[in-house]
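Here is model05.cif, consisting of mmCIF, C-alpha atoms:
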```
data_upload
loop_
_atom_site.label_atom_id
_atom_site.label_comp_id
_atom_site.auth_asym_id
_atom_site.auth_seq_id
_atom_site.Cartn_x
_atom_site.Cartn_y
_atom_site.Cartn_z
CA MET A 1 27.92 67.10 -36.94
CA THR A 2 28.45 63.47 -37.89
CA THR A 3 25.91 60.97 -39.13
CA LEU A 4 25.79 57.58 -37.41
CA THR A 5 23.37 54.91 -38.57
CA ASN A 6 22.55 51.89 -36.36
CA PRO A 7 22.81 48.56 -38.21
CA PRO A 8 19.36 47.20 -39.08
CA THR A 9 18.08 44.49 -36.83
CA PRO A 10 18.06 41.24 -38.84
CA THR A 11 15.02 39.81 -37.03
CA LEU A 12 12.27 42.03 -35.76
CA SER A 13 9.46 41.07 -33.43
CA ILE A 14 6.45 42.67 -31.86
CA HIS A 15 8.67 43.69 -28.97
CA THR A 16 11.23 45.56 -31.11
CA LYS A 17 11.97 49.06 -29.79
CA LEU A 18 12.81 52.23 -31.73
CA ARG A 19 16.37 52.28 -30.44
CA ASP A 20 16.87 48.90 -32.18
CA LEU A 21 16.18 50.40 -35.63
CA ALA A 22 18.54 52.25 -38.01
CA LEU A 23 18.53 55.82 -36.66
CA VAL A 24 20.17 58.97 -38.10
CA ASP A 25 22.53 60.81 -35.76
CA PHE A 26 22.65 64.44 -37.00
CA GLN A 27 22.62 66.92 -34.12
CA VAL A 28 23.82 70.54 -34.21
CA GLY A 29 23.92 73.33 -31.70
CA GLU A 30 21.54 76.24 -32.04
CA SER A 31 24.45 78.58 -32.95
CA THR A 32 25.54 76.52 -35.96
CA PRO A 33 25.31 78.62 -39.20
CA CYS A 34 22.59 77.57 -41.57
CA GLU A 35 25.01 77.30 -44.48
CA ASN A 36 26.91 74.55 -42.66
CA VAL A 37 23.76 72.58 -42.25
CA VAL A 38 22.77 73.11 -45.89
CA ARG A 39 26.22 72.06 -47.03
CA ARG A 40 25.97 68.86 -44.94
CA LEU A 41 22.57 68.11 -46.41
CA GLU A 42 23.86 68.64 -49.92
CA ASP A 43 26.85 66.37 -49.26
CA ASP A 44 24.72 63.55 -47.80
CA PRO A 45 21.39 63.17 -49.60
CA THR A 46 20.36 60.38 -47.18
CA LEU A 47 19.96 62.84 -44.32
CA SER A 48 16.28 63.49 -43.77
CA GLY A 49 16.69 66.29 -41.24
CA VAL A 50 18.66 67.76 -38.36
CA VAL A 51 18.15 67.95 -34.59
CA VAL A 52 18.79 71.38 -33.05
CA LEU A 53 20.05 71.52 -29.44
CA ASP A 54 20.35 74.54 -27.17
CA GLY A 55 23.36 75.53 -25.07
CA GLN A 56 22.50 72.99 -22.39
CA SER A 57 22.21 70.19 -25.01
CA GLN A 58 18.44 70.19 -24.60
CA LEU A 59 16.18 69.66 -27.59
CA ARG A 60 15.38 73.00 -29.25
CA GLY A 61 13.65 71.69 -32.34
CA MET A 62 13.91 69.55 -35.48
CA LEU A 63 14.19 70.70 -39.10
CA THR A 64 13.44 68.42 -41.99
CA ARG A 65 15.52 68.36 -45.12
CA ARG A 66 12.50 69.46 -47.12
CA ALA A 67 11.82 72.51 -44.88
CA ILE A 68 15.44 73.65 -44.89
CA LEU A 69 15.83 73.38 -48.61
CA GLU A 70 12.51 75.13 -49.23
CA TRP A 71 13.42 78.07 -47.01
CA MET A 72 17.01 78.36 -47.99
CA LEU A 73 16.92 77.53 -51.66
CA SER A 74 13.39 78.02 -52.92
CA LYS A 75 12.66 81.36 -51.30
CA PRO A 76 13.93 84.55 -52.95
CA TYR A 77 17.02 85.67 -51.18
CA GLY A 78 16.60 82.83 -48.76
CA LEU A 79 20.19 81.74 -48.95
CA GLU A 80 21.47 85.29 -48.55
CA VAL A 81 19.12 85.91 -45.63
CA PHE A 82 19.75 82.72 -43.62
CA SER A 83 23.16 81.44 -44.69
CA LYS A 84 25.08 83.38 -42.09
CA ARG A 85 22.45 83.24 -39.46
CA PRO A 86 22.37 80.48 -36.78
CA ILE A 87 20.19 77.49 -37.33
CA SER A 88 18.06 78.52 -34.33
CA SER A 89 16.58 81.37 -36.40
CA LEU A 90 15.24 78.86 -38.88
CA ALA A 91 14.12 76.51 -36.10
CA GLU A 92 11.90 79.27 -34.75
CA PHE A 93 9.84 79.10 -37.91
CA GLN A 94 9.89 75.44 -38.84
CA GLY A 95 11.36 73.35 -35.98
CA GLN A 96 8.50 73.10 -33.47
CA GLY A 97 5.93 70.76 -35.05
CA PHE A 98 7.75 67.40 -34.73
CA LEU A 99 6.99 64.04 -33.10
CA LEU A 100 9.21 63.07 -30.15
CA LEU A 101 9.15 59.44 -28.95
CA PRO A 102 11.24 57.56 -26.35
CA GLY A 103 13.74 54.97 -27.48
CA ASP A 104 11.91 52.12 -25.72
CA CYS A 105 8.71 52.78 -27.68
CA ASP A 106 7.41 49.79 -29.68
CA VAL A 107 7.52 49.94 -33.48
CA ILE A 108 3.77 49.37 -33.77
CA GLU A 109 2.98 52.17 -31.30
CA ALA A 110 5.46 54.54 -33.03
CA ALA A 111 3.95 53.83 -36.44
CA SER A 112 0.47 54.41 -35.04
CA GLN A 113 1.42 57.82 -33.66
CA ALA A 114 3.45 58.79 -36.76
CA PHE A 115 0.60 58.02 -39.14
CA ARG A 116 -1.86 60.02 -37.05
CA ARG A 117 0.05 63.25 -37.83
CA PRO A 118 -1.31 65.82 -40.28
CA GLN A 119 -1.02 65.05 -43.96
CA GLU A 120 1.63 67.70 -44.54
CA THR A 121 3.94 66.27 -41.81
CA ILE A 122 3.12 62.58 -42.02
CA TYR A 123 6.38 61.77 -43.83
CA ASP A 124 8.63 63.92 -41.58
CA PRO A 125 11.23 62.00 -39.60
CA VAL A 126 10.49 61.14 -35.97
CA VAL A 127 12.78 62.38 -33.20
CA VAL A 128 13.82 59.47 -30.94
CA GLU A 129 15.29 60.10 -27.47
CA VAL A 130 17.65 57.17 -27.07
CA GLY A 131 19.20 58.55 -23.88
CA PRO A 132 19.67 61.68 -21.80
CA GLN A 133 20.52 64.59 -24.17
CA ASP A 134 20.90 62.07 -26.99
CA TYR A 135 18.45 62.40 -29.88
CA ARG A 136 18.27 60.59 -33.22
CA LEU A 137 16.09 60.77 -36.30
CA LEU A 138 13.94 57.89 -37.55
CA ASP A 139 12.96 58.07 -41.19
CA VAL A 140 9.39 57.11 -42.00
CA PRO A 141 10.45 54.57 -44.68
CA VAL A 142 12.61 52.82 -42.08
CA LEU A 143 9.62 52.86 -39.70
CA LEU A 144 7.36 51.50 -42.45
CA VAL A 145 9.83 48.71 -43.26
CA ALA A 146 10.17 47.91 -39.56
CA GLN A 147 6.39 47.93 -39.20
CA SER A 148 5.99 45.55 -42.13
CA GLN A 149 8.71 43.28 -40.74
CA VAL A 150 7.06 43.32 -37.37
CA HIS A 151 3.76 42.47 -39.03
CA LEU A 152 5.44 39.64 -40.92
CA ALA A 153 7.12 38.43 -37.77
CA THR A 154 3.82 38.70 -35.96
CA GLN A 155 2.09 36.83 -38.77
CA ARG A 156 4.76 34.12 -38.67
CA LYS A 157 4.40 34.00 -34.94
CA LEU A 158 0.64 33.72 -35.32
CA GLU A 159 1.07 30.98 -37.89
CA GLU A 160 3.46 29.20 -35.57
CA GLN A 161 1.01 29.66 -32.76
CA GLN A 162 -1.76 28.38 -34.99
CA GLU A 163 0.32 25.34 -35.85
CA GLU A 164 1.12 24.94 -32.19
CA MET A 165 -2.55 25.40 -31.44
CA LYS A 166 -3.43 22.73 -34.01
CA ARG A 167 -0.86 20.43 -32.48
CA ILE A 168 -2.20 21.19 -29.02
CA LEU A 169 -5.76 20.64 -30.26
CA ALA A 170 -4.70 17.32 -31.78
CA GLU A 171 -3.01 16.37 -28.52
CA LEU A 172 -6.09 17.55 -26.66
CA GLU A 173 -8.24 15.41 -28.94
CA GLN A 174 -5.99 12.45 -28.25
CA GLU A 175 -6.05 13.28 -24.58
CA LYS A 176 -9.82 13.58 -24.80
CA ASN A 177 -10.03 10.15 -26.40
CA ARG A 178 -7.71 8.77 -23.74
CA SER A 179 -9.80 10.50 -21.09
CA LEU A 180 -12.92 8.94 -22.56
CA GLN A 181 -11.21 5.57 -22.54
CA TYR A 182 -10.06 6.21 -18.99
CA ALA A 183 -13.61 7.24 -18.09
CA ARG A 184 -14.97 4.02 -19.59
CA ASP A 185 -12.30 2.02 -17.80
CA LEU A 186 -13.07 3.84 -14.58
CA GLU A 187 -16.76 3.21 -15.09
CA ARG A 188 -16.07 -0.47 -15.65
CA GLN A 189 -13.78 -0.54 -12.62
CA LYS A 190 -16.45 1.30 -10.67
CA ALA A 191 -18.99 -1.35 -11.65
CA GLU A 192 -16.51 -4.08 -10.69
CA ILE A 193 -15.77 -2.38 -7.39
CA LEU A 194 -19.50 -2.00 -6.77
CA SER A 195 -19.99 -5.68 -7.49
CA GLN A 196 -17.07 -6.52 -5.22
CA ASN A 197 -18.50 -4.26 -2.53
CA ILE A 198 -21.84 -6.05 -2.81
CA ALA A 199 -20.06 -9.40 -2.58
CA LEU A 200 -18.00 -8.14 0.36
CA GLU A 201 -21.15 -6.86 2.06
CA GLN A 202 -22.80 -10.25 1.59
CA GLU A 203 -19.66 -11.96 2.87
CA ARG A 204 -19.57 -9.55 5.80
CA ARG A 205 -23.16 -10.38 6.65
CA ARG A 206 -22.45 -14.09 6.41
CA ALA A 207 -19.35 -13.60 8.57
CA GLN A 208 -21.44 -11.63 11.06
CA GLN A 209 -24.03 -14.39 11.12
CA ARG A 210 -21.29 -16.99 11.61
CA SER A 211 -19.79 -14.82 14.33
CA GLU A 212 -23.17 -14.56 16.07
CA GLU A 213 -23.61 -18.31 15.72
CA LEU A 214 -20.13 -18.84 17.15
CA VAL A 215 -21.00 -16.52 20.04
CA ARG A 216 -24.17 -18.47 20.72
CA LEU A 217 -22.29 -21.75 20.31
CA ASN A 218 -19.57 -20.50 22.60
CA ALA A 219 -22.13 -19.52 25.22
CA ARG A 220 -23.82 -22.90 24.84
CA LEU A 221 -20.45 -24.64 25.01
CA ILE A 222 -19.56 -22.72 28.15
CA GLN A 223 -22.90 -23.67 29.65
CA ILE A 224 -22.39 -27.31 28.70
CA SER A 225 -18.83 -27.18 30.03
CA SER A 226 -20.10 -25.86 33.34
CA VAL A 227 -22.67 -28.66 33.59
CA LEU A 228 -20.14 -31.17 32.30
CA SER A 229 -17.58 -29.93 34.78
CA GLU A 230 -19.95 -30.41 37.71
CA LYS A 231 -21.18 -33.79 36.50
CA SER A 232 -17.73 -34.92 35.47
CA LYS A 233 -16.36 -34.16 38.89
CA SER A 234 -19.02 -36.30 40.56
CA THR A 235 -18.72 -38.94 37.83
CA PHE A 236 -14.94 -39.12 38.12
CA ALA A 237 -15.24 -39.20 41.90
CA ALA A 238 -17.72 -42.09 41.68
CA THR A 239 -15.53 -43.77 39.05
CA PHE A 240 -12.43 -43.45 41.17
CA ALA A 241 -14.37 -44.74 44.21
CA GLY A 242 -15.77 -47.69 42.22
CA VAL A 243 -12.38 -48.50 40.73
CA GLU A 244 -10.82 -48.34 44.15
CA ALA A 245 -13.55 -50.62 45.58
CA VAL A 246 -13.05 -53.10 42.74
CA ARG A 247 -9.30 -52.94 43.23
CA ARG A 248 -9.74 -53.65 46.96
CA LEU A 249 -12.18 -56.48 46.15
CA PHE A 250 -9.68 -58.03 43.74
CA GLN A 251 -7.01 -57.67 46.38
CA GLU A 252 -9.29 -59.43 48.88
CA ILE A 253 -9.95 -62.15 46.32
CA ALA A 254 -6.23 -62.54 45.82
CA ASP A 255 -5.68 -62.69 49.58
CA SER A 256 -8.52 -65.26 49.93
CA ASN A 257 -7.03 -67.39 47.14
CA GLN A 258 -3.68 -67.30 48.85
CA GLU A 259 -5.34 -68.37 52.15
CA LEU A 260 -7.26 -71.08 50.30
CA SER A 261 -4.01 -72.28 48.74
CA ARG A 262 -2.49 -72.60 52.20
CA GLU A 263 -5.55 -74.50 53.47
CA LEU A 264 -5.50 -76.79 50.41
CA LYS A 265 -1.86 -77.52 51.15
CA GLU A 266 -2.90 -78.52 54.68
CA ILE A 267 -5.74 -80.68 53.24
CA ASN A 268 -3.20 -82.39 50.97
CA THR A 269 -1.05 -82.95 54.02
CA ILE A 270 -4.02 -84.49 55.89
CA VAL A 271 -4.89 -86.56 52.83
CA ASP A 272 -1.32 -87.81 52.75
CA VAL A 273 -1.68 -88.78 56.41
CA ILE A 274 -5.02 -90.52 55.65
CA VAL A 275 -3.44 -92.37 52.74
CA GLU A 276 -0.59 -93.40 54.95
CA VAL A 277 -3.06 -94.59 57.65
CA ALA A 278 -5.06 -96.45 55.01
CA GLY A 279 -1.88 -98.17 53.96
CA TYR A 280 -1.19 -99.19 57.53
CA ILE A 281 -4.81 -100.37 57.86
CA ARG A 282 -4.47 -102.52 54.73
CA LEU A 283 -1.23 -103.89 56.02
CA LEU A 284 -2.83 -104.57 59.38
CA SER A 285 -5.83 -106.27 57.74
CA PHE A 286 -3.46 -108.30 55.63
CA ASN A 287 -1.52 -109.38 58.69
CA ALA A 288 -4.77 -110.16 60.50
CA ALA A 289 -5.92 -112.29 57.62
CA VAL A 290 -2.62 -114.10 57.58
CA GLU A 291 -2.86 -114.80 61.30
CA ALA A 292 -6.43 -115.93 60.93
CA ASN A 293 -5.47 -118.40 58.23
CA ARG A 294 -2.48 -119.56 60.22
CA SER A 295 -4.57 -120.27 63.32
CA GLY A 296 -7.03 -122.12 61.21
CA GLY A 297 -10.05 -120.19 62.27
CA GLY A 298 -11.91 -117.84 59.99
CA GLY A 299 -14.74 -116.93 62.34
CA GLY A 300 -15.34 -113.43 63.47
CA PHE A 301 -11.72 -112.34 63.26
CA GLY A 302 -11.64 -113.03 59.56
CA ALA A 303 -14.81 -111.04 59.07
CA ILE A 304 -13.30 -108.16 61.00
CA ALA A 305 -10.20 -108.36 58.83
CA GLN A 306 -12.42 -108.37 55.81
CA GLU A 307 -14.26 -105.26 57.05
CA ILE A 308 -10.99 -103.56 57.83
CA ARG A 309 -9.86 -104.11 54.23
CA LYS A 310 -13.12 -102.71 52.95
CA LEU A 311 -12.72 -99.73 55.26
CA ALA A 312 -9.16 -99.24 54.09
CA GLY A 313 -10.38 -99.42 50.49
CA ARG A 314 -13.08 -96.87 51.12
CA THR A 315 -10.59 -94.65 53.00
CA THR A 316 -8.19 -94.80 50.07
CA GLU A 317 -11.00 -94.10 47.66
CA ALA A 318 -12.19 -91.13 49.82
CA SER A 319 -8.65 -89.78 50.09
CA ASN A 320 -8.27 -90.01 46.33
CA ARG A 321 -11.54 -88.17 45.87
CA ILE A 322 -10.46 -85.57 48.44
CA ARG A 323 -7.11 -85.19 46.66
CA GLY A 324 -8.85 -84.81 43.29
CA LEU A 325 -11.26 -82.26 44.74
CA ALA A 326 -8.36 -80.41 46.34
CA ASP A 327 -6.49 -80.40 43.02
CA ARG A 328 -9.53 -79.03 41.20
CA ILE A 329 -10.03 -76.43 43.89
CA GLN A 330 -6.33 -75.57 43.60
CA ARG A 331 -6.56 -75.18 39.80
CA GLN A 332 -9.75 -73.11 40.05
CA SER A 333 -8.12 -71.00 42.73
CA GLN A 334 -5.10 -70.43 40.47
CA ALA A 335 -7.38 -69.56 37.57
CA THR A 336 -9.40 -67.25 39.82
CA LEU A 337 -6.18 -65.62 41.06
CA GLN A 338 -4.93 -65.13 37.52
CA SER A 339 -8.29 -63.64 36.48
CA ALA A 340 -8.23 -61.41 39.54
CA GLN A 341 -4.71 -60.24 38.67
CA ALA A 342 -5.72 -59.57 35.05
CA SER A 343 -8.84 -57.75 36.22
CA ALA A 344 -6.72 -55.74 38.63
CA GLU A 345 -4.46 -54.69 35.73
CA VAL A 346 -7.53 -53.71 33.67
CA VAL A 347 -8.92 -51.77 36.62
CA GLN A 348 -5.57 -50.02 37.07
CA SER A 349 -5.55 -49.11 33.37
CA LEU A 350 -9.12 -47.78 33.68
CA TYR A 351 -8.03 -45.81 36.71
CA GLN A 352 -5.14 -44.22 34.77
CA GLN A 353 -7.40 -43.49 31.77
CA ALA A 354 -9.95 -41.86 34.06
CA GLN A 355 -7.20 -39.71 35.53
CA SER A 356 -6.08 -38.69 31.99
CA ALA A 357 -9.68 -37.92 31.04
CA GLN A 358 -10.06 -35.78 34.14
CA VAL A 359 -6.86 -33.83 33.27
CA ALA A 360 -8.08 -33.33 29.66
CA LEU A 361 -11.47 -32.17 30.92
CA GLU A 362 -9.81 -29.69 33.30
CA GLU A 363 -7.68 -28.35 30.42
CA LEU A 364 -10.81 -28.02 28.25
CA GLN A 365 -12.57 -26.14 31.03
CA ALA A 366 -9.55 -23.80 31.38
CA LEU A 367 -9.61 -23.09 27.62
CA LEU A 368 -13.34 -22.38 27.78
CA GLU A 369 -12.77 -20.01 30.69
CA GLN A 370 -10.13 -18.16 28.60
CA ALA A 371 -12.56 -18.02 25.66
CA ARG A 372 -15.22 -16.57 27.96
CA ILE A 373 -12.79 -13.83 29.02
#
```

Would you write out, as structure tokens, the structure that this file holds?
Amino acid sequence: MTTLTNPPTPTLSIHTKLRDLALVDFQVGESTPCENVVRRLEDDPTLSGVVVLDGQSQLRGMLTRRAILEWMLSKPYGLEVFSKRPISSLAEFQGQGFLLLPGDCDVIEAASQAFRRPQETIYDPVVVEVGPQDYRLLDVPVLLVAQSQVHLATQRKLEEQQEEMKRILAELEQEKNRSLQYARDLERQKAEILSQNIALEQERRRAQQRSEELVRLNARLIQISSVLSEKSKSTFAATFAGVEAVRRLFQEIADSNQELSRELKEINTIVDVIVEVAGYIRLLSFNAAVEANRSGGGGGFGAIAQEIRKLAGRTTEASNRIRGLADRIQRQSQATLQSAQASAEVVQSLYQQAQSAQVALEELQALLEQARI
């Protein structure tokens, strides 16, 4: 029969259980004499009651300090009647109407049940089952203090939650303002994106139009290339044929000039012979004139000599004219040959350029064929 009091919990909350409070540990067996219990109550005025257990340590009942003292001390002959008798005899009369609660019951729930008891028992201690076959007593003042502390803790918690709620509301307000700003920014970005989309759509349409124009141009270019290819082939063939004919003509002119040069050389040779003959004729006429003068007769022989000199003079004059004509023909032939050679070089250059143009045209046609594919 010892009294053990749990230390009070310094900080209580809404989740505080009964086993956490200051409980009175005063349990006796049902065979304990009443006088022992009374003596213990008199020695310790803080004890508010006693828990009575049976032989199997099961709860038999609970007697309050007030009930025991009223029966034992206030009743006539109460002490003499019950002092030697076991405590179970007294429990049969007074120990049945008590409140039993588990140790894990909340303070608020325990206070609610305790204060719903009848008026005459509302201040009786509460029996708390803290474990198997382990029962304690909870005084109502302790329960009231715990209830008030829980209420205070709950109020502080509510105030803290209110402050937290205010802070959250302020943050929500700020977040709302930021959200509004974000919404305005998004709306502005949406308008910009819409404008960009319109511009992109217009650009896409222009690009599509340009693409269609390029397709049409490509088709037209392919058509033109086909016509150009056909015409260019015939044109280049005619050009090559004409260039080749001109080149052959120039070659013939060059060959003719060379032949003419050989003939002019022969004419010069003949002219040299004529000049030499004319010289002999002049010498002969001179000799004839000398003989005619020596013989003393001019007559017909002198006239013949005179005619021979004239003939020799005309022969020399004709040979000089022939030589001059041959020289002019020779110079013109050289000039014609040089012109023919220069023209042949120009024709050869035209021929090479035509070949290059044909190669470029074939490459262009190949590119157009690739573009068509």

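Running the PyMOL selection byres ((chain A and resi 147) around 10) on this file leaves Leu12, Ser13, Ile14, Thr16, Asp106, Val107, Ile108, Glu109, Ala110, Ala111, Ser112, Pro141, Val142, Leu143, Leu144, Val145, Ala146, Ser148, Gln149, Val150, His151, Leu152 and Ala153 of chain A selected.
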
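For the pair atom CA of Leu53 of chain A and atom CA of Gln27 of chain A, the interatomic distance is 7.0 Å.
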
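Proximity of A:Glu263, A:Glu307, A:Asn293, A:Ile193 to Gln330 of chain A, computed with only C-alpha atoms, is greatest for A:Glu263.
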
Within 12 Å of (-9.2, -77.3, 41.7) (file coordinates; only C-alpha atoms), which protein or nucleic acid residues are there? I'd like them as JSON, numbers by chain. {"A": [257, 260, 261, 264, 265, 321, 322, 323, 324, 325, 326, 327, 328, 329, 330, 331, 332, 333, 334, 335, 336]}
